[in-house]
Each structure stands twice: as structure tokens, then as C-alpha cells.
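Structure file query.txt (compact mmCIF, C-alpha atoms) is printed below.
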```txt
# COMPACT_ATOMS: atom_id res chain seq x y z
CA MET A 224 8.75 -15.28 -2.60
CA LYS A 225 5.20 -16.51 -1.91
CA ARG A 226 6.52 -19.20 0.45
CA THR A 227 8.72 -16.69 2.28
CA VAL A 228 5.90 -14.16 2.68
CA GLY A 229 3.64 -16.98 3.90
CA ALA A 230 6.25 -18.12 6.45
CA LEU A 231 6.83 -14.59 7.74
CA LEU A 232 3.13 -13.75 7.94
CA ARG A 233 2.32 -17.02 9.70
CA LYS A 234 5.10 -16.35 12.22
CA GLU A 235 3.91 -12.78 12.71
CA LEU A 236 0.32 -13.80 13.44
CA LEU A 237 1.42 -16.68 15.69
CA VAL A 238 3.58 -14.33 17.78
CA GLU A 239 0.69 -11.83 18.03
CA LEU A 240 -1.72 -14.59 18.98
CA ARG A 241 0.61 -15.71 21.78
CA THR A 242 1.58 -12.26 23.08
CA LEU A 243 -1.58 -10.24 22.29
CA GLU A 244 0.63 -7.16 22.28
CA SER A 245 -0.87 -5.23 19.37
CA ILE A 246 -4.50 -5.94 18.51
CA PRO A 247 -6.04 -5.78 22.02
CA GLY A 248 -4.08 -2.60 22.79
CA MET A 249 -5.15 -0.95 19.54
CA SER A 250 -8.80 -1.90 20.02
CA LEU A 251 -8.95 -0.84 23.66
CA PHE A 252 -7.27 2.45 22.82
CA ALA A 253 -9.82 3.13 20.05
CA VAL A 254 -12.83 2.37 22.27
CA SER A 255 -11.39 4.46 25.13
CA THR A 256 -10.75 7.37 22.78
CA LEU A 257 -14.32 7.21 21.49
CA VAL A 258 -15.60 7.27 25.08
CA VAL A 259 -13.40 10.33 25.77
CA PHE A 260 -14.77 12.04 22.63
CA HIS A 261 -18.31 11.20 23.78
CA PHE A 262 -17.78 13.19 26.98
CA ALA A 263 -15.36 15.85 25.69
CA LEU A 264 -17.62 16.96 22.84
CA GLN A 265 -20.52 17.33 25.29
CA ARG A 266 -23.00 15.94 22.82
CA SER A 267 -24.61 12.55 22.52
CA THR A 268 -24.29 12.23 18.74
CA VAL A 269 -22.12 13.52 15.90
CA ASP A 270 -22.54 13.44 12.14
CA GLY A 271 -20.98 14.68 8.90
CA ASP A 272 -17.54 16.31 9.06
CA LEU A 273 -17.25 16.03 12.82
CA ALA A 274 -18.14 12.32 12.81
CA ALA A 275 -15.63 11.63 10.06
CA GLY A 276 -12.92 13.57 11.90
CA VAL A 277 -13.53 11.73 15.18
CA LEU A 278 -13.47 8.34 13.46
CA TRP A 279 -10.27 8.95 11.49
CA VAL A 280 -8.30 10.56 14.30
CA THR A 281 -9.22 7.61 16.53
CA LEU A 282 -8.18 5.06 13.90
CA LEU A 283 -4.93 6.93 13.15
CA PHE A 284 -3.72 6.99 16.75
CA ALA A 285 -4.81 3.40 17.38
CA ALA A 286 -2.86 2.38 14.26
CA MET A 287 0.23 4.08 15.73
CA LEU A 288 0.26 1.57 18.58
CA GLY A 289 0.39 -1.35 16.15
CA LEU A 290 2.99 0.37 14.01
CA ASN A 291 5.29 0.92 16.98
CA ARG A 292 5.20 -2.76 17.99
CA LEU A 293 5.56 -4.15 14.46
CA PHE A 294 9.29 -4.97 14.51
CA VAL A 295 9.94 -5.07 18.25
CA ALA A 296 9.93 -8.88 18.61
CA ASP A 297 12.27 -9.17 15.63
CA ALA A 298 14.68 -6.55 16.94
CA GLU A 299 14.68 -7.76 20.55
CA GLN A 300 14.81 -11.50 19.89
CA GLY A 301 17.17 -11.54 16.91
CA GLY A 302 14.54 -12.53 14.37
CA PHE A 303 15.84 -9.78 12.10
CA ASP A 304 19.27 -11.41 11.93
CA GLY A 305 17.73 -14.83 11.39
CA PHE A 306 15.82 -13.46 8.42
CA LEU A 307 18.79 -11.50 7.03
CA LEU A 308 20.93 -14.67 7.04
CA ALA A 309 18.44 -16.54 4.86
CA PRO A 310 18.85 -16.54 1.07
CA VAL A 311 15.51 -14.84 0.43
CA ASP A 312 14.24 -11.67 -1.22
CA ARG A 313 14.08 -9.06 1.53
CA THR A 314 10.99 -7.49 0.00
CA ALA A 315 9.18 -10.52 1.43
CA MET A 316 9.47 -8.92 4.86
CA LEU A 317 7.89 -5.67 3.61
CA LEU A 318 4.97 -7.64 2.18
CA ALA A 319 4.53 -9.88 5.22
CA LYS A 320 4.74 -7.02 7.74
CA SER A 321 2.36 -4.88 5.67
CA LEU A 322 -0.10 -7.78 5.48
CA ALA A 323 0.21 -8.34 9.23
CA LEU A 324 -0.42 -4.64 9.97
CA LEU A 325 -3.33 -4.70 7.52
CA THR A 326 -4.80 -7.63 9.45
CA TYR A 327 -4.41 -5.74 12.75
CA LEU A 328 -6.13 -2.69 11.22
CA ILE A 329 -9.04 -4.77 9.93
CA VAL A 330 -9.56 -6.32 13.39
CA LEU A 331 -9.25 -2.86 14.95
CA GLU A 332 -11.96 -1.51 12.64
CA ILE A 333 -14.25 -4.49 13.30
CA VAL A 334 -14.19 -3.34 16.94
CA ALA A 335 -13.89 0.44 16.53
CA VAL A 336 -16.49 1.16 13.84
CA PRO A 337 -19.44 -0.50 15.65
CA ALA A 338 -18.26 1.14 18.90
CA PHE A 339 -18.20 4.49 17.09
CA ALA A 340 -21.72 3.91 15.76
CA LEU A 341 -22.92 2.92 19.22
CA LEU A 342 -21.27 5.69 21.23
CA LEU A 343 -21.25 8.71 18.93
CA LEU A 344 -22.72 8.38 15.46
CA GLY A 345 -26.08 10.07 14.98
CA PRO A 346 -27.21 8.71 11.60
CA PRO A 347 -27.56 4.93 11.21
CA LEU A 348 -24.37 3.17 10.10
CA GLY A 349 -26.08 0.67 7.76
CA PRO A 350 -26.56 2.87 4.65
CA ALA A 351 -23.02 4.29 4.96
CA LEU A 352 -21.36 0.92 5.43
CA PRO A 353 -20.58 -0.13 1.81
CA GLY A 354 -18.96 3.23 1.05
CA LEU A 355 -17.18 3.34 4.40
CA LEU A 356 -15.73 -0.12 3.80
CA ALA A 357 -14.31 0.99 0.44
CA VAL A 358 -12.66 4.05 2.01
CA LEU A 359 -11.32 2.02 4.95
CA ALA A 360 -9.89 -0.63 2.61
CA LEU A 361 -7.93 1.92 0.57
CA ALA A 362 -6.79 3.84 3.64
CA ASP A 363 -5.72 0.65 5.41
CA VAL A 364 -3.43 -0.34 2.54
CA GLY A 365 -1.68 3.04 2.78
CA LEU A 366 -1.48 2.89 6.58
CA ALA A 367 -0.01 -0.61 6.39
CA ILE A 368 2.65 0.23 3.78
CA ILE A 369 3.75 3.53 5.32
CA GLY A 370 3.51 2.08 8.83
CA THR A 371 5.79 -0.83 7.89
CA LEU A 372 8.30 1.45 6.21
CA ILE A 373 8.49 3.82 9.19
CA ALA A 374 8.49 1.01 11.76
CA ALA A 375 11.45 -0.64 9.99
CA LEU A 376 13.32 2.65 10.10
CA ALA A 377 12.43 3.54 13.70
CA VAL A 378 13.12 0.14 15.23
CA GLN A 379 16.83 0.51 14.52
CA THR A 380 17.05 3.61 16.68
CA ARG A 381 17.06 3.95 20.46
CA ALA A 382 14.17 6.43 20.47
CA ARG A 383 11.90 4.21 18.39
CA ASP A 384 8.77 4.87 20.49
CA LEU A 385 9.11 8.58 19.80
CA LEU A 386 10.57 8.46 16.31
CA GLY A 387 7.94 6.11 14.85
CA PRO A 388 4.94 8.41 15.40
CA LEU A 389 6.98 11.55 14.65
CA LEU A 390 7.98 10.22 11.23
CA ALA A 391 4.70 8.50 10.49
CA LEU A 392 2.26 11.29 11.33
CA PRO A 393 3.21 13.72 8.52
CA LEU A 394 3.10 10.88 6.00
CA LEU A 395 -0.23 9.56 7.27
CA VAL A 396 -2.03 12.93 7.46
CA PRO A 397 -2.95 12.88 3.73
CA ILE A 398 -4.63 9.51 4.28
CA VAL A 399 -6.60 10.94 7.20
CA ILE A 400 -7.62 14.01 5.17
CA ALA A 401 -8.72 11.94 2.18
CA GLY A 402 -10.41 9.37 4.42
CA ALA A 403 -12.30 12.01 6.39
CA ARG A 404 -13.35 13.94 3.27
CA ALA A 405 -14.56 10.78 1.57
CA THR A 406 -16.38 9.60 4.70
CA ALA A 407 -18.06 12.85 5.80
CA PRO A 408 -20.93 12.77 3.25
CA LEU A 409 -21.60 9.13 4.13
CA LEU A 410 -21.99 9.98 7.81
CA SER A 411 -24.25 12.99 7.35
CA VAL A 412 -27.86 12.97 8.55
CA GLY A 413 -30.07 11.34 5.95
CA HIS A 414 -26.97 9.96 4.22
CA THR A 415 -27.31 12.81 1.72
CA GLY A 416 -23.84 12.83 0.17
CA ALA A 417 -22.48 10.35 -2.33
CA LEU A 418 -19.09 8.66 -2.10
CA SER A 419 -16.55 10.93 -3.79
CA GLY A 420 -14.49 9.19 -6.47
CA ARG A 421 -11.92 11.99 -6.23
CA TRP A 422 -10.91 11.12 -2.66
CA LEU A 423 -10.94 7.42 -3.38
CA ALA A 424 -8.65 8.01 -6.35
CA LEU A 425 -6.35 10.10 -4.18
CA LEU A 426 -6.14 7.29 -1.60
CA ALA A 427 -5.43 4.74 -4.33
CA LEU A 428 -2.73 6.96 -5.83
CA TYR A 429 -1.13 7.51 -2.42
CA ASP A 430 -1.11 3.75 -1.83
CA LEU A 431 0.53 3.18 -5.21
CA VAL A 432 3.20 5.85 -4.76
CA PHE A 433 4.18 4.67 -1.29
CA GLY A 434 4.00 1.04 -2.39
CA LEU A 435 6.61 1.81 -5.03
CA ILE A 436 8.76 3.88 -2.65
CA ALA A 437 8.66 1.13 -0.02
CA TYR A 438 9.59 -1.49 -2.61
CA ALA A 439 12.53 0.62 -3.74
CA VAL A 440 13.99 1.50 -0.33
CA PHE A 441 13.07 -1.35 2.01
CA ASP A 442 16.18 -3.39 1.19
CA PHE A 443 18.39 -0.47 2.20
CA LEU A 444 16.55 -0.03 5.51
CA LEU A 445 17.47 -3.59 6.48
CA GLU A 446 21.13 -3.21 5.50
CA ASP A 447 23.79 -2.53 8.11
CA MET B 55 37.47 -20.43 2.00
CA ILE B 56 38.11 -17.28 4.11
CA GLU B 57 40.60 -14.55 3.22
CA LEU B 58 40.85 -11.32 5.18
CA GLU B 59 43.17 -8.53 4.14
CA ALA B 60 43.43 -5.43 6.33
CA LEU B 61 39.80 -5.71 7.45
CA VAL B 62 38.50 -2.63 9.26
CA ARG B 63 35.08 -2.31 10.87
CA ARG B 64 34.02 0.73 12.89
CA TYR B 65 31.14 1.62 15.20
CA GLY B 66 31.00 5.37 14.86
CA GLU B 67 34.54 6.61 15.46
CA ARG B 68 35.69 3.50 17.31
CA GLU B 69 37.45 0.78 15.33
CA ALA B 70 36.07 -2.58 16.48
CA LEU B 71 38.36 -4.38 14.02
CA SER B 72 41.62 -2.80 12.82
CA ASP B 73 43.72 -4.16 10.01
CA VAL B 74 42.84 -7.85 10.55
CA SER B 75 44.36 -10.25 8.01
CA LEU B 76 44.26 -14.04 7.91
CA SER B 77 43.53 -17.02 5.75
CA LEU B 78 41.55 -20.21 6.45
CA ALA B 79 41.25 -23.22 4.15
CA THR B 80 38.14 -25.36 3.60
CA GLY B 81 37.51 -27.81 6.46
CA GLN B 82 39.77 -25.97 8.89
CA THR B 83 38.81 -24.45 12.24
CA LEU B 84 39.80 -20.93 13.21
CA VAL B 85 39.56 -20.24 16.93
CA VAL B 86 39.38 -16.59 17.97
CA PHE B 87 40.57 -15.64 21.46
CA GLY B 88 40.37 -12.27 23.12
CA PRO B 89 38.92 -10.45 26.09
CA ASN B 90 35.41 -8.97 26.09
CA GLY B 91 35.15 -6.16 23.56
CA ALA B 92 38.17 -7.38 21.56
CA GLY B 93 36.10 -7.68 18.36
CA LYS B 94 35.32 -11.42 18.24
CA THR B 95 31.56 -11.00 17.77
CA THR B 96 32.08 -8.20 15.25
CA LEU B 97 34.37 -10.46 13.21
CA LEU B 98 31.76 -13.24 13.18
CA ARG B 99 29.05 -10.79 12.14
CA VAL B 100 31.18 -9.43 9.29
CA LEU B 101 31.86 -12.98 8.06
CA SER B 102 28.15 -13.81 8.27
CA THR B 103 27.28 -10.76 6.04
CA LEU B 104 25.28 -9.08 8.84
CA LEU B 105 27.87 -6.27 9.11
CA ARG B 106 29.64 -4.59 6.23
CA PRO B 107 33.41 -4.20 6.33
CA HIS B 108 34.40 -0.52 6.17
CA SER B 109 37.67 -1.21 4.42
CA GLY B 110 39.93 -4.08 3.49
CA ARG B 111 39.21 -7.17 1.48
CA VAL B 112 36.91 -9.89 2.80
CA THR B 113 36.43 -13.16 0.92
CA VAL B 114 34.08 -15.77 2.37
CA LEU B 115 33.27 -19.05 0.60
CA ASP B 116 35.27 -17.67 -2.34
CA ARG B 117 32.93 -14.69 -2.64
CA GLN B 118 33.80 -11.06 -2.05
CA LEU B 119 31.91 -9.20 0.71
CA PRO B 120 29.86 -7.11 0.78
CA GLN B 121 29.29 -7.23 -3.00
CA ASP B 122 28.45 -10.94 -3.17
CA ALA B 123 26.73 -11.20 0.22
CA TRP B 124 23.62 -12.61 -1.44
CA ALA B 125 25.64 -15.62 -2.62
CA VAL B 126 27.04 -16.28 0.86
CA ARG B 127 23.75 -16.10 2.76
CA GLY B 128 22.24 -19.52 3.18
CA ARG B 129 25.68 -21.17 3.07
CA VAL B 130 26.68 -19.84 6.49
CA GLY B 131 25.35 -20.89 9.90
CA LEU B 132 25.66 -18.31 12.68
CA LEU B 133 25.37 -19.20 16.34
CA GLY B 134 25.67 -16.00 18.33
CA HIS B 135 24.99 -14.86 21.87
CA GLU B 136 21.31 -14.49 20.96
CA PRO B 137 19.57 -17.67 19.77
CA LEU B 138 17.82 -15.79 16.90
CA LEU B 139 14.60 -17.55 17.88
CA TYR B 140 11.24 -16.20 19.02
CA ARG B 141 10.59 -16.81 22.72
CA GLU B 142 6.82 -17.08 22.31
CA LEU B 143 7.10 -19.83 19.70
CA SER B 144 8.08 -23.42 20.33
CA ALA B 145 11.33 -24.95 19.09
CA ARG B 146 9.38 -26.80 16.39
CA GLU B 147 7.57 -23.63 15.24
CA ASN B 148 10.84 -21.67 15.20
CA LEU B 149 12.67 -24.34 13.22
CA ARG B 150 9.78 -24.75 10.77
CA PHE B 151 9.85 -21.00 10.21
CA HIS B 152 13.57 -21.10 9.43
CA ALA B 153 13.10 -24.23 7.30
CA ARG B 154 10.61 -22.35 5.12
CA LEU B 155 13.06 -19.45 4.74
CA HIS B 156 15.71 -21.93 3.58
CA ASP B 157 13.26 -23.90 1.43
CA LEU B 158 13.61 -27.08 3.49
CA ASP B 159 10.92 -29.59 4.40
CA SER B 160 9.66 -30.40 7.88
CA ALA B 161 11.42 -33.80 7.89
CA ARG B 162 14.70 -31.88 8.28
CA VAL B 163 13.21 -30.05 11.28
CA GLU B 164 12.31 -33.33 12.97
CA GLU B 165 15.78 -34.69 12.21
CA LEU B 166 17.43 -31.70 13.91
CA LEU B 167 15.05 -31.77 16.89
CA ALA B 168 16.02 -35.40 17.43
CA ALA B 169 19.72 -34.59 16.98
CA VAL B 170 19.61 -32.04 19.82
CA ALA B 171 17.27 -34.22 21.94
CA LEU B 172 14.42 -31.71 21.97
CA THR B 173 11.69 -33.76 20.31
CA GLU B 174 9.79 -34.31 23.54
CA ARG B 175 9.69 -30.63 24.47
CA ALA B 176 9.52 -29.31 20.91
CA ASP B 177 6.02 -27.89 21.30
CA GLU B 178 6.65 -25.84 24.44
CA PRO B 179 7.31 -22.11 24.05
CA LEU B 180 11.03 -21.39 24.16
CA LYS B 181 10.53 -19.04 27.09
CA SER B 182 9.60 -22.06 29.22
CA LEU B 183 12.81 -23.97 28.39
CA SER B 184 16.13 -23.80 30.22
CA ARG B 185 19.01 -21.78 28.72
CA GLY B 186 20.80 -24.98 27.79
CA MET B 187 17.75 -26.23 25.88
CA VAL B 188 17.38 -22.89 24.11
CA GLN B 189 21.07 -23.10 23.15
CA ARG B 190 20.45 -26.59 21.71
CA ALA B 191 17.49 -25.21 19.73
CA ALA B 192 19.75 -22.40 18.48
CA ILE B 193 22.34 -24.97 17.38
CA ALA B 194 19.60 -26.81 15.48
CA ARG B 195 18.61 -23.50 13.86
CA ALA B 196 22.19 -22.68 12.86
CA THR B 197 22.77 -26.08 11.26
CA LEU B 198 19.29 -26.68 9.84
CA HIS B 199 20.32 -25.75 6.28
CA ASP B 200 23.55 -27.78 6.42
CA PRO B 201 25.85 -24.73 6.09
CA GLU B 202 29.34 -25.03 4.64
CA LEU B 203 30.72 -22.49 7.10
CA LEU B 204 29.85 -22.35 10.78
CA LEU B 205 30.37 -19.15 12.76
CA LEU B 206 30.17 -20.01 16.44
CA ASP B 207 30.31 -17.39 19.18
CA GLU B 208 31.09 -19.22 22.42
CA PRO B 209 28.89 -22.12 21.30
CA TYR B 210 29.25 -24.23 24.44
CA ALA B 211 27.98 -21.52 26.80
CA ASN B 212 25.05 -22.87 28.88
CA LEU B 213 25.68 -26.47 27.76
CA ASP B 214 26.48 -29.27 30.21
CA PRO B 215 29.08 -31.95 29.26
CA THR B 216 26.37 -34.34 28.00
CA ALA B 217 24.88 -31.65 25.79
CA ILE B 218 28.35 -30.74 24.46
CA ASP B 219 28.80 -34.38 23.36
CA LEU B 220 25.27 -34.37 21.94
CA VAL B 221 25.85 -31.37 19.65
CA ALA B 222 29.40 -32.36 18.63
CA PRO B 223 28.28 -34.04 15.37
CA LEU B 224 26.54 -30.79 14.40
CA ILE B 225 29.08 -28.13 15.39
CA GLY B 226 32.16 -30.03 16.54
CA ALA B 227 35.24 -30.93 14.50
CA GLU B 228 33.56 -34.17 13.39
CA SER B 229 30.90 -32.14 11.55
CA GLY B 230 33.54 -31.74 8.82
CA ARG B 231 32.54 -28.12 8.30
CA THR B 232 34.80 -25.13 8.10
CA ARG B 233 34.40 -23.34 11.44
CA VAL B 234 35.21 -20.01 13.00
CA LEU B 235 34.80 -20.27 16.74
CA SER B 236 35.25 -17.72 19.49
CA SER B 237 36.37 -19.00 22.86
CA HIS B 238 37.75 -17.97 26.23
CA ASP B 239 38.98 -21.46 27.10
CA PRO B 240 42.59 -21.96 25.89
CA ALA B 241 42.62 -25.74 26.44
CA SER B 242 39.43 -26.64 24.58
CA GLY B 243 39.93 -23.86 22.02
CA LEU B 244 43.43 -24.95 21.08
CA ALA B 245 42.33 -28.59 20.94
CA GLN B 246 39.85 -27.69 18.19
CA ALA B 247 41.92 -25.12 16.29
CA ASP B 248 43.87 -25.38 13.06
CA VAL B 249 44.50 -21.64 13.06
CA VAL B 250 44.45 -19.29 16.07
CA LEU B 251 43.56 -15.60 15.99
CA GLY B 252 44.17 -13.49 19.08
CA LEU B 253 42.36 -10.15 19.17
CA ARG B 254 43.00 -7.26 21.52
CA ALA B 255 41.10 -3.98 21.12
CA GLY B 256 40.23 -4.97 17.56
CA ARG B 257 43.81 -5.70 16.52
CA ALA B 258 45.07 -9.10 15.44
CA VAL B 259 47.96 -9.56 17.87
CA LEU B 260 48.27 -13.30 17.29
CA VAL B 261 47.74 -15.19 14.01
CA LYS B 262 49.39 -18.62 13.98
CA ALA B 263 48.90 -22.27 13.18
CA ALA B 264 47.50 -23.93 16.31
CA GLY B 265 50.53 -26.19 16.70
CA GLU B 266 52.83 -23.20 17.12
CA VAL B 267 50.77 -21.48 19.84
CA GLU B 268 51.72 -21.68 23.52
CA HIS B 269 49.08 -21.51 26.25
CA GLN B 270 50.86 -18.50 27.73
CA GLU B 271 50.34 -16.55 24.50
CA ILE B 272 46.59 -17.05 24.86
CA ALA B 273 46.69 -16.13 28.56
CA GLY B 274 48.66 -12.99 27.64
CA LEU B 275 45.71 -11.72 25.58
CA TYR B 276 43.65 -11.40 28.75
CA ARG B 277 46.24 -9.54 30.85
```

Written as C-alpha cells, that's how I'd like the structure from this file.
Amino acid sequence: MKRTVGALLRKELLVELRTLESIPGMSLFAVSTLVVFHFALQRSTVDGDLAAGVLWVTLLFAAMLGLNRLFVADAEQGGFDGFLLAPVDRTAMLLAKSLALLTYLIVLEIVAVPAFALLLLGPPLGPALPGLLAVLALADVGLAIIGTLIAALAVQTRARDLLGPLLALPLLVPIVIAGARATAPLLSVGHTGALSGRWLALLALYDLVFGLIAYAVFDFLLED
Amino acid sequence: MIELEALVRRYGEREALSDVSLSLATGQTLVVFGPNGAGKTTLLRVLSTLLRPHSGRVTVLDRQLPQDAWAVRGRVGLLGHEPLLYRELSARENLRFHARLHDLDSARVEELLAAVALTERADEPLKSLSRGMVQRAAIARATLHDPELLLLDEPYANLDPTAIDLVAPLIGAESGRTRVLSSHDPASGLAQADVVLGLRAGRAVLVKAAGEVEHQEIAGLYR
């Protein structure tokens, strides 16, 4: 299993490195969205609830771009069939794709969070960073698992570009709510609020539940 | 090796394969003839475990499909219309990827690259290679794991006569493997066949030992 996941993940990252179809698009989209927020909100800085909302909405829609492209190369170039013909545990693909999407999200956030701090955030980012990283890590795991599950389902349909976001959004909204609620106190002026264990626990629980669901159903999604 | 009894496979309401029955022994070659849309590719995909039969009995490598599909995967090599390779990756990277999926070492990859005469251009992205070269890479991919059963969908498409000779030890009769091969060429198809299957609109209209088949019967499938 480890060898198969390694092979799939290596292939995934190599293809992305050659095509640059996901990560640059996601990052550019996030930065552009933050610029649009900067002008649309008609204020030079944001903090607290508003800052958290802007950050999470931007990350969510940027993640959608990566999610939609996740299985396209496999579906269009027959990589799916090549994998299905191999005598391997099909859960390996769930793990490898989730890890690939997780990698894309981490790179996205390395670009988007400093851009957010530069363009919009009022309070300094430094004191909020440790807590923000913890929230992002838990949210990213959920985004990666649910994103992979939905992408695998959508790619087998003709309207995959529409269906992917339509199916994913309702499932990802709880992550955005928990992420924004957990982040808001960290981004308030004076960094007054503490990191809420309740929202972190909710994110962890959501990750666990969808991890188990994905493990249980992924095989069936790949079947004819 | 392969036993089909009243195999039916549908796409929606349309029956792509209707009531197909035949038998093929180990080491034999079945050649499937039929016009476009007759069901040749669907048959190969059912035998490869990629498509489930909707009814009938399908036994491949002495295992029942779809129940025992897991035991058949890895023992079958499929060469379809698509090479099942990533265009952005090189032939070597693609084959190494498949070698890892089949738990093979990289020495086997180099052996296959040499066998299809791609060693020198093995590090170029597939998208920069000619269709014939991509087809040779696909043949290397399909035979990498030394499959017992080869499923070949018009395998010589895009290959020049030299390349056809080059890949003969891998996918030709001399490979010694059991083969199911789709073809539109009666002369070369019949020369390779032990058993002939003629499909028209998903129905098996011709199932005979190759020695009993006349060229006109094959030509009649296309009228």
C-alpha cells in the first residue's frame, strides 16, 4: 500500500510540476480575490469576523479550482484504467489524491495568507500565526478528503466542472464555518481572543467522519 | 482460459454485447472482427475487468467475473485505443509508475524500453513522440508485468512494418501468451487466429475455428 501511494503521489506531483495546471491557478485566483475584496469592501484593513470570513471564502473557492482538476489527467489520458488494471488496493488512490490536494492547499496558503496579511489584515499576522496554522492544518485535511471524494465522483460525469463545486460546497461549508469561527478571535485587533478548542475539535471530528466515509465508499466510486 | 456464456453488456438501454458465447483455451488466439460499434472494444474491456457484465457467465483465467476480478487484475495486459499513459511524463517515467503498481523493479522497465527500441528517447515527454512511438510505449506498458492474457484492440495501428516486427515477441503469436485481438484486416487477422469471433451490433454472428472461416465471411460482417 505504501509503495502504491508513493508511486501515485510521485506521479501526481510530477504531472503538476510539468503542467502547472492547479497550483498557479489556485494561487493567482486567491491573490486576485483578495485584491477584489480590498476594493469591494472600501476599507484598507479588516479584522476579527470579517477578516476570518474573507480569508476562508477566498481559500474555499481557490481550493475548488484544484479539486476540479484533480482527476482530469487520469480521466482524459486513461490513467484511471491503467490504475484499475493493477492488482493494488484502490484506497491507495484516495490517499495519494488527498495527499496531493493537501500539498496544493499548503502551497496555496503559503501564497495566500501573506498576501491576505499584506493587502487586507489590520492586526499583525505574527501573533495569530501558530493558532492559524493549527486551524488551517485541520481544515486542509477535511478539504483534501472531501475534495478527493467529490472530484472522483464528478470526473465520471459530463458536467464535472459544474457538478464538482455544486456537490462540494454544501459539504465544505461546515469546514468554512468552523475555520472562520476558530480564526476570528486570532485576527481581532490586539489578538484578544484565544484559540477555541471547540471549533478545532469540530474540525477534527469532521475530518475523521469524512475520512471514514471516503474509505468506505471510494472503491465503489471507481467501479464501473 | 476464457469462457463466455450468454454475455450481455449494456450502455443505458442499448445492448453493446448481446448473448455472446465462446470458449478459448490457454495459448490460443481469438481474433474479433466487426465494423465500428460492433462491440469489440466493449468485449475487451469486460474481459479486462474494467466493465462489468450485466448478465451471462464470464470466466477469465479460470476466475469468474465480476466476483473474482481482483484475482484477474495484474494477470491481464490491455492495449486499447488509448495508450493509458500520461502525455506530460516520459516513457521511462510512465513505465516506472506502472512497474511500481505491479511491484516490479526498474530493470524490467529498461528491458521493455530496449525491447520496443525506445531507450534513446525514453526521457522525452510522450507528447513529443510520434504516434507510433507512443504505441510502442503502450505495448511496453501492457506487457511490463508479463501478463498471461493479452487483450489487444487493433494493436498494430500506427505501427510501421519494422515496428510490427519489433513488437512481435511481446504481443505476437511467438509471445506464447493467450491473446484476444480485435482487427479489421481479414488476412493478417486470420493468419494469427485459432478462433474467430465476428460481431455485428453486439451479436456474435460468427464463432468458428480459424481454419473453417472463409475470407468472404469476414468481409460479410462489414456489409

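For the point (7.4, 4.2, 3.4), the residues with an atom at a distance of at most 6 Å are Ile369, Leu372, Ile373, Phe433 and Ala437 of chain A, counting only C-alpha atoms.
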
Could you please take those selected residues and save C-alpha atoms as a PDB file, in the coordinates of the input?
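Output below, filename again16.pdb:
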```
ATOM      1  CA  ILE A 369       3.750   3.530   5.320  1.00  0.00           C
ATOM      2  CA  LEU A 372       8.300   1.450   6.210  1.00  0.00           C
ATOM      3  CA  ILE A 373       8.490   3.820   9.190  1.00  0.00           C
ATOM      4  CA  PHE A 433       4.180   4.670  -1.290  1.00  0.00           C
ATOM      5  CA  ALA A 437       8.660   1.130  -0.020  1.00  0.00           C
TER       6      ALA A 437
END
```

Margin query: Which residues are close to B:Ser160, i.e. within 10 Å by only C-alpha atoms, leaving aside same-chain residues fewer than 3 positions away? Reply as a PyMOL selection string.
Written below: chain B and resi 146+149-151+153-154+157+163-166

Please identify every residue of chain A that has at least one atom no farther than 8 Å from an atom of chain B, counting only C-alpha atoms, and for each give the shortest atom pair and the distance in Å to one decimal, arranged by chain then increasing number, as a tab-separated table.
```
residue	atom	partner	partner_atom	distance
A:Arg226	CA	B:Arg154	CA	7.0
A:Thr227	CA	B:Leu155	CA	5.7
A:Ala230	CA	B:Phe151	CA	5.9
A:Leu231	CA	B:Phe151	CA	7.5
A:Lys234	CA	B:Phe151	CA	6.9
A:Leu237	CA	B:Leu143	CA	7.6
A:Val238	CA	B:Glu142	CA	6.2
A:Arg241	CA	B:Glu142	CA	6.4
A:Thr242	CA	B:Glu142	CA	7.2
A:Ala296	CA	B:Tyr140	CA	7.4
A:Asp297	CA	B:Tyr140	CA	7.9
A:Gln300	CA	B:Tyr140	CA	6.0
A:Gly301	CA	B:Leu138	CA	4.3
A:Gly302	CA	B:Leu138	CA	5.3
A:Phe303	CA	B:Leu138	CA	7.9
A:Asp304	CA	B:Leu138	CA	6.8
A:Gly305	CA	B:Leu138	CA	5.6
A:Phe306	CA	B:Leu155	CA	7.6
A:Leu307	CA	B:Leu104	CA	7.2
A:Leu308	CA	B:Arg127	CA	5.3
A:Ala309	CA	B:Gly128	CA	5.1
A:Pro310	CA	B:Gly128	CA	5.0
A:Val311	CA	B:Leu155	CA	6.8
A:Glu446	CA	B:Leu104	CA	7.9
A:Asp447	CA	B:Leu105	CA	5.6
```

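The space separating atom CA of A:Glu332 from atom CA of A:Tyr438 comes to 26.4 Å.
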
Would you compute the box with edges along x, y and z of the file around stretch 395-404 of chain A, including every atom the file lists for it and 3 Å extra on each side, and give its centre and edge lengths in Å to one decimal, as JSON?
```
{"center_x": -6.8, "center_y": 11.7, "center_z": 4.8, "size_x": 19.1, "size_y": 10.6, "size_z": 11.3}
```

Next item on the list: Could you check which of A:Leu273, A:Leu317, A:Val432, A:Leu324 is closest to A:Asp363, using all atoms listed in the file?
Entry: A:Leu324

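Going from atom CA of A:Leu348 to atom CA of A:Gly276 covers 15.6 Å.
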
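Every protein, DNA or RNA residue with an atom at most 7 Å from stretch 312-314 of chain A, where only C-alpha atoms count and chain neighbours fewer than 2 positions away do not, is listed here: Met224, Met316, Leu317, Leu318, Tyr438, Phe441 and Asp442 of chain A.
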
Check: So, counting all atoms listed in the file, which residue among A:Leu264, A:Leu240, A:Leu425, A:Ala335 is closest to A:Phe252?
Finding: A:Ala335

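Checking A:Leu288, A:Met249, A:Val330, A:Val258 one by one against A:Leu359, counting all atoms listed in the file, you find the shortest gap at A:Val330.
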
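Counting all atoms listed in the file, the residue from B:Leu260, B:Ala79, B:Ile193, B:Ala70 that sits nearest to B:Gly91 is B:Ala70.
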
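Residues surrounding B:Leu167 within 7 Å are Leu172, Thr173 and Ala194 of chain B [only C-alpha atoms; sequence separation below 5 positions excluded].
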
Atoms kept (C-alpha atoms) for selection, written as a PDB file, in the coordinates of the input:
```pdb
ATOM      1  CA  LEU B 172      14.420 -31.710  21.970  1.00  0.00           C
ATOM      2  CA  THR B 173      11.690 -33.760  20.310  1.00  0.00           C
ATOM      3  CA  ALA B 194      19.600 -26.810  15.480  1.00  0.00           C
TER       4      ALA B 194
END
```

Next item on the list: Go through A:Leu236, A:Ala274, A:Val358, A:Ala323 one by one, measure the shortest atom-to-atom distance of each to A:Leu343 using only C-alpha atoms, and give the residue with the smallest value.
Entry: A:Ala274
